[in-house]
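Shown below: start_7.cif, with mmCIF, C-alpha atoms.
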data_query
#
loop_
_atom_site.label_atom_id
_atom_site.label_comp_id
_atom_site.auth_asym_id
_atom_site.auth_seq_id
_atom_site.Cartn_x
_atom_site.Cartn_y
_atom_site.Cartn_z
CA MET H 19 277.52 66.74 210.32
CA THR H 20 281.21 67.32 209.73
CA THR H 21 282.98 66.66 206.48
CA ASP H 22 284.87 63.85 208.20
CA SER H 23 281.73 61.80 208.55
CA LEU H 24 280.72 62.13 204.90
CA PRO H 25 281.63 59.42 202.40
CA VAL H 26 284.27 60.22 199.79
CA LEU H 27 282.70 60.33 196.33
CA ALA H 28 284.23 59.48 192.96
CA ILE H 29 282.57 60.44 189.69
CA LEU H 30 283.78 58.30 186.78
CA GLY H 31 283.34 60.20 183.55
CA GLY H 32 283.27 63.26 185.77
CA THR H 33 284.29 65.54 182.92
CA GLY H 34 280.98 65.14 181.05
CA ASP H 35 277.85 67.26 181.43
CA LEU H 36 276.12 65.16 184.10
CA GLY H 37 279.34 64.40 185.96
CA THR H 38 280.21 68.08 186.02
CA GLY H 39 276.79 68.91 187.40
CA LEU H 40 276.95 66.30 190.15
CA ALA H 41 280.50 67.29 191.09
CA ARG H 42 279.43 70.92 191.53
CA ARG H 43 276.43 69.99 193.66
CA TRP H 44 278.26 67.54 195.91
CA ALA H 45 281.42 69.64 196.30
CA GLN H 46 279.26 72.63 197.25
CA ALA H 47 277.44 70.44 199.81
CA GLY H 48 280.76 69.71 201.50
CA TYR H 49 281.58 66.28 200.13
CA GLN H 50 285.10 65.28 199.14
CA VAL H 51 284.81 64.64 195.40
CA ILE H 52 287.27 62.83 193.15
CA ILE H 53 286.81 63.54 189.45
CA GLY H 54 287.66 60.42 187.46
CA SER H 55 288.41 60.37 183.76
CA ARG H 56 290.15 58.19 181.21
CA THR H 57 293.14 60.53 181.30
CA GLN H 58 294.70 62.48 184.15
CA GLU H 59 294.80 65.60 181.94
CA LYS H 60 291.05 65.69 181.41
CA ALA H 61 290.39 65.06 185.09
CA ASP H 62 292.80 67.85 186.04
CA ALA H 63 291.09 70.27 183.68
CA ALA H 64 287.69 69.40 185.16
CA VAL H 65 288.96 70.06 188.68
CA THR H 66 290.39 73.43 187.61
CA ASP H 67 287.02 74.34 186.11
CA LEU H 68 285.18 73.13 189.20
CA LYS H 69 287.33 75.28 191.47
CA GLU H 70 286.74 78.34 189.28
CA VAL H 71 282.97 77.87 189.31
CA MET H 72 282.91 77.39 193.08
CA ALA H 73 285.02 80.53 193.53
CA GLU H 74 282.56 82.48 191.36
CA ARG H 75 279.76 81.25 193.59
CA GLY H 76 281.64 82.35 196.67
CA VAL H 77 282.12 78.82 197.95
CA ALA H 78 285.34 79.24 199.90
CA GLU H 79 286.58 75.77 200.59
CA ILE H 80 285.96 72.63 198.61
CA SER H 81 287.71 69.29 198.65
CA VAL H 82 288.22 68.05 195.11
CA SER H 83 290.92 66.09 193.31
CA ALA H 84 291.56 64.46 189.92
CA GLU H 85 292.45 60.85 189.12
CA GLU H 86 292.20 58.35 186.33
CA ASN H 87 289.01 56.30 186.67
CA LEU H 88 290.50 53.26 188.43
CA ALA H 89 292.43 55.29 190.99
CA ALA H 90 289.35 57.42 191.60
CA ALA H 91 287.22 54.34 192.27
CA GLU H 92 289.86 52.89 194.60
CA ALA H 93 290.05 56.05 196.70
CA ALA H 94 286.28 56.56 197.08
CA ASP H 95 283.61 55.15 199.41
CA ILE H 96 280.82 55.63 196.90
CA VAL H 97 281.37 55.69 193.13
CA ALA H 98 279.13 57.28 190.50
CA ILE H 99 279.44 56.46 186.81
CA THR H 100 278.26 59.08 184.31
CA VAL H 101 279.81 57.84 181.07
CA PRO H 102 277.89 57.33 177.80
CA PHE H 103 276.17 53.93 177.50
CA SER H 104 278.72 52.84 174.88
CA HIS H 105 281.49 53.15 177.51
CA GLN H 106 279.57 51.79 180.51
CA ALA H 107 280.64 48.14 180.31
CA SER H 108 284.32 48.80 179.54
CA THR H 109 284.59 51.36 182.34
CA LEU H 110 282.94 49.03 184.84
CA GLU H 111 285.20 46.13 183.81
CA LEU H 112 288.19 48.39 184.47
CA VAL H 113 287.12 49.49 187.95
CA LYS H 114 285.34 46.32 189.09
CA PRO H 115 288.09 45.27 191.55
CA ALA H 116 287.87 48.67 193.24
CA LEU H 117 284.09 48.50 193.71
CA GLN H 118 283.76 45.38 195.88
CA GLY H 119 281.62 46.12 198.93
CA LYS H 120 280.86 49.64 197.72
CA ILE H 121 277.85 51.42 196.27
CA LEU H 122 277.98 52.14 192.54
CA ILE H 123 275.59 54.89 191.48
CA ASP H 124 274.73 54.12 187.86
CA VAL H 125 273.63 57.23 185.97
CA THR H 126 273.87 55.54 182.57
CA VAL H 127 271.01 56.02 180.13
CA PRO H 128 270.99 53.46 177.31
CA LEU H 129 270.31 55.95 174.51
CA VAL H 130 271.00 54.67 171.01
CA PRO H 131 272.24 57.57 168.84
CA PRO H 132 271.11 59.06 166.61
CA LYS H 133 267.54 58.18 167.69
CA VAL H 134 267.89 59.29 171.30
CA ALA H 135 264.21 60.31 171.47
CA ARG H 136 263.19 56.70 170.90
CA VAL H 137 263.01 54.26 173.81
CA GLN H 138 265.38 51.42 172.92
CA LEU H 139 266.10 49.51 176.10
CA PRO H 140 269.00 47.06 175.95
CA GLU H 141 268.64 43.28 175.95
CA GLY H 142 269.57 43.10 179.63
CA GLY H 143 266.45 45.19 180.33
CA SER H 144 268.23 48.29 181.59
CA ALA H 145 271.68 49.77 181.99
CA GLY H 146 271.28 49.44 185.76
CA GLN H 147 270.61 45.71 185.48
CA ILE H 148 273.56 45.32 183.11
CA ALA H 149 275.81 47.00 185.70
CA GLN H 150 274.52 44.76 188.51
CA ASP H 151 274.97 41.62 186.40
CA LEU H 152 278.48 42.65 185.35
CA LEU H 153 279.65 43.63 188.83
CA GLY H 154 278.08 40.81 190.85
CA GLU H 155 276.23 40.92 194.14
CA GLU H 156 279.17 42.24 196.17
CA VAL H 157 278.67 45.62 194.53
CA MET H 158 275.50 47.50 195.47
CA VAL H 159 274.36 49.05 192.21
CA VAL H 160 271.90 51.91 192.65
CA SER H 161 270.41 53.63 189.60
CA ALA H 162 269.65 57.37 189.86
CA PHE H 163 269.68 60.81 188.20
CA GLN H 164 268.53 59.64 184.73
CA ASN H 165 265.79 62.28 184.53
CA VAL H 166 267.68 65.36 185.69
CA ALA H 167 268.81 67.84 183.07
CA ALA H 168 272.58 68.31 183.23
CA ALA H 169 272.10 72.01 182.50
CA HIS H 170 270.01 72.40 185.65
CA LEU H 171 272.45 70.37 187.75
CA GLN H 172 275.32 72.59 186.67
CA GLU H 173 273.44 75.72 187.74
CA GLY H 174 273.42 76.64 191.39
CA SER H 175 269.66 77.24 191.42
CA ASN H 176 266.85 75.17 192.84
CA LEU H 177 265.94 72.02 190.95
CA ASP H 178 262.27 71.36 190.23
CA CYS H 179 262.87 67.68 189.56
CA ASP H 180 262.59 64.41 191.49
CA VAL H 181 264.95 61.46 191.24
CA LEU H 182 263.90 57.79 191.01
CA VAL H 183 266.31 55.59 192.97
CA CYS H 184 266.41 51.87 192.14
CA GLY H 185 268.53 49.14 193.67
CA ASN H 186 268.32 45.74 195.31
CA LYS H 187 269.49 46.91 198.75
CA LYS H 188 267.34 49.35 200.70
CA ALA H 189 270.24 50.64 202.83
CA ALA H 190 272.20 51.46 199.67
CA ARG H 191 269.19 53.28 198.19
CA GLU H 192 268.92 55.27 201.44
CA GLN H 193 272.52 56.45 201.12
CA VAL H 194 271.96 57.51 197.53
CA ILE H 195 268.77 59.34 198.50
CA THR H 196 270.89 61.30 201.00
CA LEU H 197 273.19 62.25 198.09
CA VAL H 198 270.17 63.21 195.96
CA GLU H 199 269.05 65.52 198.75
CA ALA H 200 272.56 66.93 199.10
CA ALA H 201 272.32 67.79 195.40
CA GLY H 202 269.09 69.70 196.02
CA MET H 203 266.38 67.25 194.95
CA ARG H 204 263.93 64.73 196.36
CA GLY H 205 264.81 61.06 195.90
CA PHE H 206 262.27 58.23 195.88
CA HIS H 207 262.71 54.53 196.50
CA ALA H 208 261.62 53.21 193.11
CA GLY H 209 262.12 49.48 193.53
CA MET H 210 264.71 46.87 192.62
CA ILE H 211 267.48 47.51 190.10
CA ASN H 212 265.45 46.21 187.15
CA ASN H 213 263.01 49.09 187.73
CA ALA H 214 265.81 51.32 186.42
CA ALA H 215 264.19 50.55 183.06
CA ALA H 216 261.44 53.04 183.91
CA ALA H 217 263.77 55.97 184.59
CA GLU H 218 266.01 55.10 181.65
CA ALA H 219 263.07 54.88 179.23
CA LEU H 220 261.64 58.12 180.58
CA THR H 221 264.77 59.98 179.50
CA SER H 222 263.85 59.50 175.84
CA VAL H 223 260.34 60.80 176.55
CA LEU H 224 261.83 63.88 178.23
CA ILE H 225 264.02 64.40 175.14
CA VAL H 226 260.83 64.42 173.04
CA ILE H 227 259.29 67.00 175.36
CA ASN H 228 262.47 69.10 175.42
CA LYS H 229 262.35 69.36 171.63
CA GLN H 230 258.72 70.49 171.64
CA TYR H 231 259.04 73.08 174.38
CA SER H 232 262.71 74.08 173.91
CA CYS H 233 263.24 73.30 177.57
CA HIS H 234 265.01 70.92 179.94
CA ALA H 235 262.10 68.94 181.37
CA GLY H 236 262.05 66.73 184.42
CA ILE H 237 259.40 65.00 186.51
CA ARG H 238 257.83 65.45 189.91
CA ILE H 239 256.01 62.75 191.81
CA THR H 240 252.52 63.96 192.73
CA GLY H 241 249.65 62.70 194.86
CA LEU H 242 251.78 61.84 197.90
CA GLY H 243 249.93 61.55 201.15
CA ASP H 244 246.52 62.07 199.61
CA ASP H 245 245.03 58.84 200.79
CA MET G 23 231.70 73.06 170.57
CA THR G 24 228.41 71.14 170.53
CA THR G 25 228.01 67.54 171.50
CA ASP G 26 227.23 66.74 167.87
CA SER G 27 230.76 67.57 166.83
CA LEU G 28 232.40 65.37 169.46
CA PRO G 29 233.57 61.87 168.58
CA VAL G 30 231.64 58.93 170.03
CA LEU G 31 233.81 57.04 172.50
CA ALA G 32 233.80 53.36 173.39
CA ILE G 33 235.59 52.00 176.44
CA LEU G 34 236.35 48.29 176.16
CA GLY G 35 236.67 46.79 179.59
CA GLY G 36 234.70 49.80 180.70
CA THR G 37 233.50 48.07 183.86
CA GLY G 38 236.97 48.03 185.47
CA ASP G 39 238.51 50.69 187.69
CA LEU G 40 240.26 52.70 184.98
CA GLY G 41 237.44 52.29 182.49
CA THR G 42 234.92 53.47 185.08
CA GLY G 43 237.06 56.51 185.83
CA LEU G 44 237.46 57.47 182.15
CA ALA G 45 233.74 56.93 181.49
CA ARG G 46 232.80 59.30 184.33
CA ARG G 47 235.22 61.98 183.16
CA TRP G 48 234.24 61.82 179.48
CA ALA G 49 230.51 61.52 180.09
CA GLN G 50 230.64 64.52 182.40
CA ALA G 51 232.56 66.45 179.71
CA GLY G 52 229.66 65.89 177.31
CA TYR G 53 230.96 63.00 175.22
CA GLN G 54 228.72 60.16 174.10
CA VAL G 55 230.22 57.12 175.84
CA ILE G 56 229.61 53.45 175.10
CA ILE G 57 230.64 51.11 177.89
CA GLY G 58 231.90 47.85 176.41
CA SER G 59 232.26 44.61 178.29
CA ARG G 60 232.49 40.89 177.62
CA THR G 61 228.86 40.53 178.62
CA GLN G 62 225.87 42.78 178.10
CA GLU G 63 224.90 42.34 181.76
CA LYS G 64 228.15 43.75 183.11
CA ALA G 65 228.05 46.65 180.67
CA ASP G 66 224.44 47.41 181.66
CA ALA G 67 225.36 47.40 185.35
CA ALA G 68 228.25 49.81 184.70
CA VAL G 69 225.94 52.20 182.85
CA THR G 70 223.41 52.10 185.72
CA ASP G 71 226.22 52.92 188.15
CA LEU G 72 227.54 55.69 185.91
CA LYS G 73 224.11 57.33 185.71
CA GLU G 74 223.74 57.19 189.50
CA VAL G 75 227.13 58.80 190.08
CA MET G 76 226.41 61.53 187.56
CA ALA G 77 223.02 62.21 189.19
CA GLU G 78 224.74 62.49 192.59
CA ARG G 79 227.11 65.06 191.08
CA GLY G 80 224.18 67.00 189.66
CA VAL G 81 225.11 66.28 186.06
CA ALA G 82 221.72 66.44 184.44
CA GLU G 83 222.10 64.94 181.03
CA ILE G 84 224.66 62.39 179.89
CA SER G 85 224.75 60.20 176.83
CA VAL G 86 225.82 56.70 177.77
CA SER G 87 224.96 53.21 176.61
CA ALA G 88 226.07 49.60 177.11
CA GLU G 89 227.23 47.06 174.55
CA GLU G 90 229.35 43.96 174.28
CA ASN G 91 232.93 44.87 173.30
CA LEU G 92 232.64 44.25 169.54
CA ALA G 93 229.39 46.19 169.14
CA ALA G 94 230.83 49.01 171.26
CA ALA G 95 233.89 49.25 169.02
CA GLU G 96 231.74 49.21 165.88
CA ALA G 97 229.55 52.06 167.07
CA ALA G 98 232.38 54.36 168.20
CA ASP G 99 234.68 56.83 166.47
CA ILE G 100 237.47 56.41 169.01
CA VAL G 101 237.95 53.26 171.08
CA ALA G 102 239.78 52.95 174.40
CA ILE G 103 240.86 49.59 175.80
CA THR G 104 241.27 49.31 179.58
CA VAL G 105 241.38 45.55 180.10
CA PRO G 106 244.10 43.71 182.07
CA PHE G 107 247.23 42.87 180.05
CA SER G 108 246.29 39.20 180.05
CA HIS G 109 243.11 40.04 178.07
CA GLN G 110 244.59 42.70 175.78
CA ALA G 111 245.47 40.53 172.78
CA SER G 112 242.28 38.46 172.79
CA THR G 113 240.10 41.57 173.10
CA LEU G 114 241.94 43.33 170.27
CA GLU G 115 241.66 40.24 168.03
CA LEU G 116 237.91 40.27 168.63
CA VAL G 117 237.37 43.93 167.77
CA LYS G 118 240.08 44.33 165.11
CA PRO G 119 237.63 44.50 162.18
CA ALA G 120 235.78 47.35 163.89
CA LEU G 121 238.91 49.43 164.48
CA GLN G 122 240.08 49.96 160.89
CA GLY G 123 240.76 53.64 160.25
CA LYS G 124 240.05 54.53 163.88
CA ILE G 125 242.11 55.58 166.87
CA LEU G 126 242.63 52.94 169.53
CA ILE G 127 243.63 54.39 172.91
CA ASP G 128 245.66 51.66 174.59
CA VAL G 129 245.59 52.03 178.38
CA THR G 130 247.08 48.58 178.98
CA VAL G 131 249.89 48.24 181.48
CA PRO G 132 251.86 44.99 181.13
CA LEU G 133 251.95 44.18 184.84
CA VAL G 134 252.89 40.60 185.69
CA PRO G 135 251.03 39.57 188.87
CA PRO G 136 251.88 38.99 191.62
CA LYS G 137 255.02 41.14 191.24
CA VAL G 138 253.27 44.23 189.92
CA ALA G 139 255.84 46.54 191.56
CA ARG G 140 258.55 45.06 189.34
CA VAL G 141 259.09 46.38 185.82
CA GLN G 142 258.67 43.38 183.51
CA LEU G 143 258.14 44.72 180.01
CA PRO G 144 256.90 42.20 177.45
CA GLU G 145 258.97 40.79 174.62
CA GLY G 146 257.35 43.14 172.14
CA GLY G 147 258.81 46.02 174.14
CA SER G 148 255.51 47.46 175.36
CA ALA G 149 251.80 46.74 175.38
CA GLY G 150 251.33 49.72 173.06
CA GLN G 151 253.72 48.27 170.50
CA ILE G 152 252.04 44.88 170.81
CA ALA G 153 248.69 46.51 170.03
CA GLN G 154 250.08 48.36 167.02
CA ASP G 155 251.74 45.22 165.65
CA LEU G 156 248.58 43.17 166.18
CA LEU G 157 246.21 45.72 164.62
CA GLY G 158 248.35 46.86 161.69
CA GLU G 159 249.00 50.32 160.34
CA GLU G 160 245.35 51.05 159.45
CA VAL G 161 244.61 51.43 163.15
CA MET G 162 246.15 54.45 164.90
CA VAL G 163 247.23 53.10 168.26
CA VAL G 164 247.84 55.79 170.87
CA SER G 165 249.07 54.87 174.34
CA ALA G 166 247.89 56.99 177.27
CA PHE G 167 246.65 57.14 180.90
CA GLN G 168 249.08 54.49 182.29
CA ASN G 169 250.19 56.73 185.16
CA VAL G 170 246.84 58.02 186.38
CA ALA G 171 245.41 56.49 189.53
CA ALA G 172 241.97 55.03 188.82
CA ALA G 173 240.81 56.23 192.24
CA HIS G 174 241.56 59.82 191.26
CA LEU G 175 239.92 59.44 187.85
CA GLN G 176 236.74 58.18 189.46
CA GLU G 177 236.54 61.20 191.75
CA GLY G 178 235.20 64.41 190.37
CA SER G 179 238.07 66.47 191.81
CA ASN G 180 241.05 68.05 190.10
CA LEU G 181 243.80 65.71 188.95
CA ASP G 182 247.39 66.62 189.82
CA CYS G 183 248.80 64.28 187.20
CA ASP G 184 250.08 64.53 183.62
CA VAL G 185 249.55 62.00 180.86
CA LEU G 186 252.23 60.77 178.44
CA VAL G 187 250.73 60.23 174.98
CA CYS G 188 252.62 57.99 172.53
CA GLY G 189 251.72 57.03 169.00
CA ASN G 190 253.09 56.98 165.47
CA LYS G 191 250.65 59.58 164.07
CA LYS G 192 250.80 63.12 165.42
CA ALA G 193 247.21 63.95 164.44
CA ALA G 194 245.98 60.93 166.39
CA ARG G 195 248.03 61.95 169.43
CA GLU G 196 246.47 65.42 169.17
CA GLN G 197 242.97 63.96 169.34
CA VAL G 198 243.88 61.90 172.38
CA ILE G 199 245.45 64.92 174.08
CA THR G 200 242.09 66.67 173.60
CA LEU G 201 240.46 63.73 175.42
CA VAL G 202 243.09 63.90 178.17
CA GLU G 203 242.22 67.56 178.65
CA ALA G 204 238.50 66.76 178.65
CA ALA G 205 239.26 64.37 181.50
CA GLY G 206 240.92 67.18 183.45
CA MET G 207 244.63 66.60 182.84
CA ARG G 208 247.53 67.82 180.72
CA GLY G 209 248.65 65.50 177.92
CA PHE G 210 252.13 65.49 176.39
CA HIS G 211 253.35 64.24 173.04
CA ALA G 212 255.77 61.58 174.26
CA GLY G 213 257.00 60.11 171.00
CA MET G 214 256.29 57.08 168.83
CA ILE G 215 254.33 54.08 170.06
CA ASN G 216 257.41 52.20 171.28
CA ASN G 217 257.94 55.01 173.80
CA ALA G 218 254.87 53.61 175.56
CA ALA G 219 257.46 51.44 177.32
CA ALA G 220 258.38 54.45 179.46
CA ALA G 221 254.86 55.10 180.74
CA GLU G 222 254.14 51.40 181.18
CA ALA G 223 257.35 50.82 183.17
CA LEU G 224 256.67 53.88 185.27
CA THR G 225 253.43 52.35 186.53
CA SER G 226 255.38 49.74 188.51
CA VAL G 227 257.54 52.50 190.01
CA LEU G 228 254.40 54.38 191.05
CA ILE G 229 253.10 51.18 192.66
CA VAL G 230 256.32 51.05 194.72
CA ILE G 231 255.81 54.67 195.77
CA ASN G 232 252.11 54.08 196.54
CA LYS G 233 253.08 51.31 198.96
CA GLN G 234 255.59 53.51 200.78
CA TYR G 235 253.36 56.55 201.11
CA SER G 236 249.94 54.88 201.22
CA CYS G 237 248.91 57.15 198.37
CA HIS G 238 247.94 57.16 194.70
CA ALA G 239 250.97 58.80 193.09
CA GLY G 240 251.26 60.28 189.63
CA ILE G 241 253.77 62.43 187.77
CA ARG G 242 254.00 66.00 186.58
CA ILE G 243 256.32 67.21 183.85
CA THR G 244 258.45 70.08 185.17
CA GLY G 245 260.91 72.54 183.69
CA LEU G 246 258.71 73.57 180.75
CA GLY G 247 259.57 76.86 179.16
CA ASP G 248 262.59 77.47 181.33
CA ASP G 249 265.08 77.75 178.52
#
Do you think you could lay out the structure here as structure tokens?
Amino acid sequence: MTTDSLPVLAILGGTGDLGTGLARRWAQAGYQVIIGSRTQEKADAAVTDLKEVMAERGVAEISVSAEENLAAAEAADIVAITVPFSHQASTLELVKPALQGKILIDVTVPLVPPKVARVQLPEGGSAGQIAQDLLGEEVMVVSAFQNVAAAHLQEGSNLDCDVLVCGNKKAAREQVITLVEAAGMRGFHAGMINNAAAAEALTSVLIVINKQYSCHAGIRITGLGDD
Amino acid sequence: MTTDSLPVLAILGGTGDLGTGLARRWAQAGYQVIIGSRTQEKADAAVTDLKEVMAERGVAEISVSAEENLAAAEAADIVAITVPFSHQASTLELVKPALQGKILIDVTVPLVPPKVARVQLPEGGSAGQIAQDLLGEEVMVVSAFQNVAAAHLQEGSNLDCDVLVCGNKKAAREQVITLVEAAGMRGFHAGMINNAAAAEALTSVLIVINKQYSCHAGIRITGLGDD
């Protein structure tokens, strides 16, 4: 597969911990990645950092650029959003015109600070469902990556963590599962977009476990093919 | 530890798939188990079956008996409820007087047939929270076992599946984790009772995965002690 055949990816909120981790993984896998941020300066700084980390890892050639969020969404084939829940709706409103006909990967977890270890799902049921409702059916919202520790994503090492992939369109889920695999993990079809509630709620449980074990926990699906 | 020091366990709805699986595991581990059902006849039949299965496995001596649900709850130290969601509230109303000061292990998953592969959490947030609200603070509700396949529980083999344990009292969660371990699995403190929403929602995701892989999937917590 040549780089030419790969979709161009934008990561809105790409300067945060999760966005940084995904950018590193996808850039290293050969994807063209556009880091989106609210300001050009922050996006530029993230790209500079990304290039330095790739150079340290001996990754010779990567294709990365920096844009404000709307321009990033316009230039990409597939758009991921990794902003805090409190900024999800405003960011999506901003980029909505640029998302028509595209896949939006929603990585939002509806944590309610300061009690982030407590499951407090939003009235819409899940952040994924909120995104789908806000964007309309012409945007294929796919929820993923809620249960992956950003610290592990940022490292270059193997990830002992599976990803639940929810969305109303199977073909869109398939494309996101390909991106999950490019980032070094297994992705699972986990049902329609409202099933994002499961992965989003699980994040608070993993925060509880992280506190107990001083770790960055994840999940693996077990029992496959045992029937 | 002698059998005398172990708590007496009742399983309400103990004739169903999950209840049968838990009864086999706990009886084999040496616990005194009371199978509860809506009718004495069904409870008696479950006990006959349980004794046969234990005899087949060469387990010489088990301590099991059959009662209607209320009598089972009265006679036990710790009570598990494994009835369908549609019977959860009515069963708990019936046995509420017998639960005061005790631990109730809520195994209820709020599936909404026929769309059991779709996360549809109840208005109260979770079945676990509903149980706690219905029973009041004198009953220690602990949610557990939502993500374990009944088929695997019923077998005598090793279980490659972890259990998320939610409840408002840590000491009560500890006792349930001991019972999880007696049943052959690892149990994790997963937060307060409202975090039961995570495990309950995850069951629908596992149903999606079961359909794809023709399997009985579960989860494992990964990344422990890696920090």
**Message:** When the PyMOL selection byres ((chain G and resi 49) around 12) is applied to the structure above, which residues does it catch, written out as a PyMOL selection string?
**Reply:** chain G and resi 25+28-33+41-48+50-57+69+72-73+75-77+81-87+176+178+201+204-205
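If you look at CA of Phe103 in chain H and CA of Leu129 in chain H, they are 6.9 Å away from each other.
Here the question is which of H:Glu192, H:Asp35, H:Glu141, H:Glu92 gets nearest to chain G using all atoms listed in the file, and that residue is H:Glu141.
You can rank H:Ile148, H:Ala89, H:Leu36, H:Ala162 by their closest distance to Pro102 in chain H using all atoms listed in the file, and at the top of that list sits H:Leu36.
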**Request:** Write out as a ChimeraX atom specification every residue belonging to chain G that has an atom at most 8 Å from any atom of chain H, counting only C-alpha atoms.
**Result:** /G:139-141,182-183,210-214,216-217,219-224,226-228,230-232,235-249
**Request:** List the residues matched by the PyMOL selection byres ((chain H and resi 122) around 12) in the displayed structure as an MDAnalysis selection string, ordered by chain and then by residue number.
**Result:** chainID H and resid 27:30 91 94:100 110 113:114 116:121 123:126 146 149:150 152:162 184:187 190:191 193:194 211
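For the atom pair formed by CA of Val134 in chain H and CA of Gly34 in chain H, the distance is 17.3 Å, given to one decimal.
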**Request:** Could you jot down the CA of Ala107 in chain H to CA of Lys60 in chain H separation for me, Å, one decimal place?
**Result:** 20.4 Å
